[in-house]
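The structure file model.cif is reproduced below (mmCIF, C-alpha atoms).
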```cif
data_query
#
loop_
_atom_site.label_atom_id
_atom_site.label_comp_id
_atom_site.auth_asym_id
_atom_site.auth_seq_id
_atom_site.Cartn_x
_atom_site.Cartn_y
_atom_site.Cartn_z
CA GLY A 173 -30.80 16.00 -16.27
CA HIS A 174 -27.88 15.73 -13.91
CA PRO A 175 -28.36 15.44 -10.16
CA ARG A 176 -27.68 18.57 -8.16
CA ALA A 177 -24.66 18.67 -5.90
CA ARG A 178 -25.66 18.64 -2.24
CA ARG A 179 -23.80 19.60 0.90
CA PRO A 180 -23.59 16.95 3.63
CA GLY A 181 -26.39 18.79 5.46
CA GLY A 182 -28.71 18.28 2.51
CA GLY A 183 -28.83 21.81 1.04
CA LEU A 184 -27.46 22.92 -2.28
CA PRO A 185 -23.95 24.37 -2.25
CA SER A 186 -23.70 28.13 -2.25
CA GLU A 187 -21.04 30.41 -3.64
CA GLY A 188 -17.86 29.83 -1.64
CA ALA A 189 -19.11 26.57 -0.09
CA MET A 190 -16.56 23.80 0.22
CA ALA A 191 -16.56 21.40 -2.70
CA PRO A 192 -17.48 17.79 -1.99
CA THR A 193 -14.58 15.37 -1.69
CA VAL A 194 -14.31 11.72 -2.54
CA GLU A 195 -11.79 9.54 -0.73
CA VAL A 196 -10.67 6.37 -2.49
CA SER A 197 -8.51 3.73 -0.79
CA SER A 198 -6.53 0.99 -2.46
CA PRO A 199 -7.60 -2.60 -1.81
CA SER A 200 -4.69 -3.12 0.53
CA GLY A 201 -5.39 0.12 2.35
CA LEU A 202 -1.84 1.32 1.73
CA SER A 203 -2.77 4.26 -0.46
CA THR A 204 -5.55 6.80 -0.23
CA MET A 205 -6.33 9.57 -2.68
CA THR A 206 -8.71 12.43 -1.92
CA LEU A 207 -10.43 14.05 -4.87
CA THR A 208 -12.13 17.39 -4.56
CA THR A 209 -14.97 17.55 -7.05
CA PRO A 210 -16.27 20.76 -8.56
CA HIS A 211 -19.62 21.96 -7.28
CA ALA A 212 -22.38 23.91 -8.95
CA GLY A 213 -21.92 27.65 -8.92
CA GLY A 214 -25.42 28.38 -7.70
CA PRO A 215 -28.65 26.76 -6.55
CA ASP A 216 -30.15 26.50 -10.05
CA GLN A 217 -27.10 24.96 -11.72
CA THR A 218 -26.48 21.25 -11.96
CA LYS A 219 -23.22 19.50 -11.20
CA THR A 220 -21.45 18.47 -14.38
CA PRO A 221 -17.94 17.10 -13.83
CA SER A 222 -15.41 18.61 -16.19
CA MET A 223 -12.71 16.31 -17.46
CA GLY A 224 -10.15 19.11 -17.28
CA GLY A 225 -10.36 19.79 -13.54
CA SER A 226 -11.23 16.46 -12.01
CA MET A 227 -10.90 12.74 -12.49
CA SER A 228 -13.67 10.19 -12.57
CA LYS A 229 -13.69 7.37 -10.04
CA ALA A 230 -12.60 4.98 -12.81
CA MET A 231 -9.64 7.22 -13.65
CA ILE A 232 -8.72 7.46 -9.96
CA LYS A 233 -8.91 3.68 -9.63
CA MET A 234 -6.68 3.20 -12.69
CA GLN A 235 -4.16 5.72 -11.34
CA MET A 236 -4.10 3.99 -7.95
CA GLN A 237 -3.63 0.60 -9.64
CA ARG A 238 -0.66 2.00 -11.59
CA GLU A 239 0.82 3.45 -8.39
CA LEU A 240 0.35 0.16 -6.50
CA ALA A 241 1.93 -1.79 -9.37
CA ALA A 242 4.90 0.60 -9.41
CA GLN A 243 5.22 0.30 -5.62
CA LYS A 244 5.13 -3.50 -5.81
CA THR A 245 7.76 -3.49 -8.57
CA ALA A 246 10.03 -1.26 -6.47
CA GLU A 247 9.54 -3.47 -3.40
CA LEU A 248 10.29 -6.63 -5.38
CA LYS A 249 13.42 -5.00 -6.80
CA ALA A 250 14.54 -4.14 -3.26
CA GLY A 251 13.82 -7.76 -2.28
CA GLU A 252 16.08 -8.98 -5.06
CA GLU A 253 18.79 -6.61 -3.82
CA TRP A 254 18.49 -8.22 -0.35
CA ASN A 255 18.80 -11.66 -1.97
CA GLU A 256 21.99 -10.49 -3.70
CA LYS A 257 23.40 -9.20 -0.40
CA PHE A 258 22.65 -12.48 1.35
CA ARG A 259 24.31 -14.54 -1.37
CA ILE A 260 27.54 -13.17 0.09
CA LYS A 261 27.94 -15.50 3.07
CA ASP A 262 29.74 -12.91 5.22
CA ASN A 263 26.64 -10.69 5.06
CA LEU A 264 24.64 -13.40 6.85
CA LYS A 265 26.71 -12.56 9.95
CA ASN A 266 27.12 -8.83 9.32
CA ALA A 267 25.19 -6.96 12.03
CA GLU A 268 24.77 -3.84 9.90
CA VAL A 269 23.34 -5.76 6.93
CA LEU A 270 21.05 -7.83 9.15
CA SER A 271 19.88 -4.74 11.01
CA GLY A 272 19.01 -3.07 7.69
CA PHE A 273 17.08 -6.15 6.53
CA TRP A 274 15.03 -6.39 9.74
CA ALA A 275 14.34 -2.64 9.64
CA GLU A 276 12.98 -3.11 6.10
CA VAL A 277 10.82 -6.04 7.24
CA LYS A 278 9.47 -3.99 10.16
CA ILE A 279 8.63 -1.01 7.93
CA ARG A 280 6.79 -3.20 5.45
CA LEU A 281 4.88 -5.13 8.13
CA THR A 282 3.84 -1.89 9.82
CA LYS A 283 2.77 -0.42 6.49
CA LYS A 284 0.74 -3.47 5.50
CA PHE A 285 -0.78 -4.49 8.84
CA GLY A 286 -0.67 -1.31 10.93
CA GLY A 287 1.85 -2.64 13.45
CA ILE A 288 4.03 -5.58 14.40
CA HIS A 289 1.51 -7.11 16.82
CA ALA A 290 -1.27 -6.93 14.24
CA ALA A 291 1.06 -8.48 11.67
CA PHE A 292 1.94 -11.33 14.03
CA ARG A 293 -1.73 -12.10 14.71
CA LYS A 294 -2.44 -12.17 10.96
CA LEU A 295 0.67 -14.18 10.06
CA ASP A 296 0.32 -16.83 12.77
CA SER A 297 -2.18 -18.73 10.64
CA SER A 298 -1.90 -21.88 12.78
CA GLY A 299 -2.68 -19.87 15.93
CA ASP A 300 0.06 -21.61 17.92
CA GLY A 301 1.71 -18.39 19.11
CA SER A 302 4.77 -18.70 16.89
CA ILE A 303 5.68 -18.10 13.26
CA SER A 304 6.74 -21.28 11.48
CA PHE A 305 9.19 -21.29 8.58
CA LEU A 306 6.29 -21.63 6.12
CA GLU A 307 4.39 -18.76 7.79
CA PHE A 308 7.60 -16.70 7.67
CA CYS A 309 8.01 -17.40 3.93
CA ASP A 310 4.35 -16.47 3.37
CA MET A 311 4.95 -13.23 5.27
CA LEU A 312 7.90 -12.33 3.06
CA GLN A 313 5.73 -12.92 -0.02
CA MET A 314 2.93 -10.75 1.42
CA ILE A 315 5.26 -7.81 1.96
CA ASN A 316 6.86 -8.20 -1.49
CA LEU A 317 10.17 -9.32 -0.03
CA PRO A 318 10.48 -12.86 -1.37
CA MET A 319 13.77 -14.34 -0.29
CA ASP A 320 15.71 -17.15 -1.85
CA GLN A 321 15.15 -20.03 0.61
CA ARG A 322 18.46 -21.62 -0.35
CA ILE A 323 20.43 -18.79 1.26
#
```
Mind turning this structure into C-alpha cells?
Amino acid sequence: GHPRARRPGGGLPSEGAMAPTVEVSSPSGLSTMTLTTPHAGGPDQTKTPSMGGSMSKAMIKMQMQRELAAQKTAELKAGEEWNEKFRIKDNLKNAEVLSGFWAEVKIRLTKKFGGIHAAFRKLDSSGDGSISFLEFCDMLQMINLPMDQRI
C-alpha cells in the first residue's frame, strides 16, 4: 500500500491538521516554490496524491525549469537592449543611461549572489582584491548580461 502521511511530530494527521508542504528551490537558488500536499482525511486512510489538486516533484521541477528558462531569455533580451543602447556612442557618456545600466547590474548581482560583497568575493577568482577585465566579462555572462566587448 501507500505510506501514511505523518505530521512532523510523527503522528498521523487529524481532521483540520495542516497539510505537509514541500519546498523546492531552483539550482541557482533564485526561485523557490512551496507545494502544499493533500493529507489523509483520517488516521486509517492512506495518502494518495491526486493529480488534480497537486503537482508531483517532477512536474514542479519541470515548471521551475521552464520559469528559469523564460527568466534567462528575458534577461538576455534586456542585455541585448543594453548592447543596442551602448552602440550609440553618446550613451557611453550619458549619466542617465550609465546609471540605469549599473542599477541593472547591481540588481542582478544581488539576486544571484545575495549582495554586492558576496558577488565580489565570488567573482574575484584570482583573489587579488580586484576584478580584472576577464573576471568582469565572466560576471556579465553569469548574470545573463553579455555585453559586446567591442563597444
Could you tell me, as a PDB file with C-alpha atoms, keeping the file's coordinate frame, exactly which residues end up selected when the PyMOL selection byres ((chain A and resi 320) around 10) is applied to this structure?
```
ATOM      1  CA  GLY A 251      13.820  -7.760  -2.280  1.00  0.00           C
ATOM      2  CA  GLU A 252      16.080  -8.980  -5.060  1.00  0.00           C
ATOM      3  CA  TRP A 254      18.490  -8.220  -0.350  1.00  0.00           C
ATOM      4  CA  ASN A 255      18.800 -11.660  -1.970  1.00  0.00           C
ATOM      5  CA  GLU A 256      21.990 -10.490  -3.700  1.00  0.00           C
ATOM      6  CA  PHE A 258      22.650 -12.480   1.350  1.00  0.00           C
ATOM      7  CA  ARG A 259      24.310 -14.540  -1.370  1.00  0.00           C
ATOM      8  CA  CYS A 309       8.010 -17.400   3.930  1.00  0.00           C
ATOM      9  CA  LEU A 317      10.170  -9.320  -0.030  1.00  0.00           C
ATOM     10  CA  PRO A 318      10.480 -12.860  -1.370  1.00  0.00           C
ATOM     11  CA  MET A 319      13.770 -14.340  -0.290  1.00  0.00           C
ATOM     12  CA  GLN A 321      15.150 -20.030   0.610  1.00  0.00           C
ATOM     13  CA  ARG A 322      18.460 -21.620  -0.350  1.00  0.00           C
ATOM     14  CA  ILE A 323      20.430 -18.790   1.260  1.00  0.00           C
TER      15      ILE A 323
END
```
Between atom CA of A:Gln313 and atom CA of A:Leu264, distance in Å (one decimal): 20.1 Å
A:Arg280: which residues within 12 Å, counting only C-alpha atoms, same-chain residues fewer than 2 positions away excluded, as an mmCIF file with C-alpha atoms, in the frame of the given file?
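File written: out17.cif
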```
data_model
loop_
_atom_site.group_PDB
_atom_site.id
_atom_site.type_symbol
_atom_site.label_atom_id
_atom_site.label_comp_id
_atom_site.auth_asym_id
_atom_site.auth_seq_id
_atom_site.Cartn_x
_atom_site.Cartn_y
_atom_site.Cartn_z
ATOM 1 C CA LEU A 202 -1.840 1.320 1.730
ATOM 2 C CA GLN A 243 5.220 0.300 -5.620
ATOM 3 C CA LYS A 244 5.130 -3.500 -5.810
ATOM 4 C CA GLU A 247 9.540 -3.470 -3.400
ATOM 5 C CA LEU A 248 10.290 -6.630 -5.380
ATOM 6 C CA ALA A 250 14.540 -4.140 -3.260
ATOM 7 C CA GLY A 251 13.820 -7.760 -2.280
ATOM 8 C CA PHE A 273 17.080 -6.150 6.530
ATOM 9 C CA TRP A 274 15.030 -6.390 9.740
ATOM 10 C CA ALA A 275 14.340 -2.640 9.640
ATOM 11 C CA GLU A 276 12.980 -3.110 6.100
ATOM 12 C CA VAL A 277 10.820 -6.040 7.240
ATOM 13 C CA LYS A 278 9.470 -3.990 10.160
ATOM 14 C CA THR A 282 3.840 -1.890 9.820
ATOM 15 C CA LYS A 283 2.770 -0.420 6.490
ATOM 16 C CA LYS A 284 0.740 -3.470 5.500
ATOM 17 C CA PHE A 285 -0.780 -4.490 8.840
ATOM 18 C CA GLY A 286 -0.670 -1.310 10.930
ATOM 19 C CA GLY A 287 1.850 -2.640 13.450
ATOM 20 C CA ILE A 288 4.030 -5.580 14.400
ATOM 21 C CA ALA A 291 1.060 -8.480 11.670
ATOM 22 C CA MET A 311 4.950 -13.230 5.270
ATOM 23 C CA LEU A 312 7.900 -12.330 3.060
ATOM 24 C CA GLN A 313 5.730 -12.920 -0.020
ATOM 25 C CA MET A 314 2.930 -10.750 1.420
ATOM 26 C CA ILE A 315 5.260 -7.810 1.960
ATOM 27 C CA ASN A 316 6.860 -8.200 -1.490
ATOM 28 C CA LEU A 317 10.170 -9.320 -0.030
#
```
Find the distance between atom CA of A:Gly299 and atom CA of A:Ile279 and write it in Å to one decimal. 23.4 Å
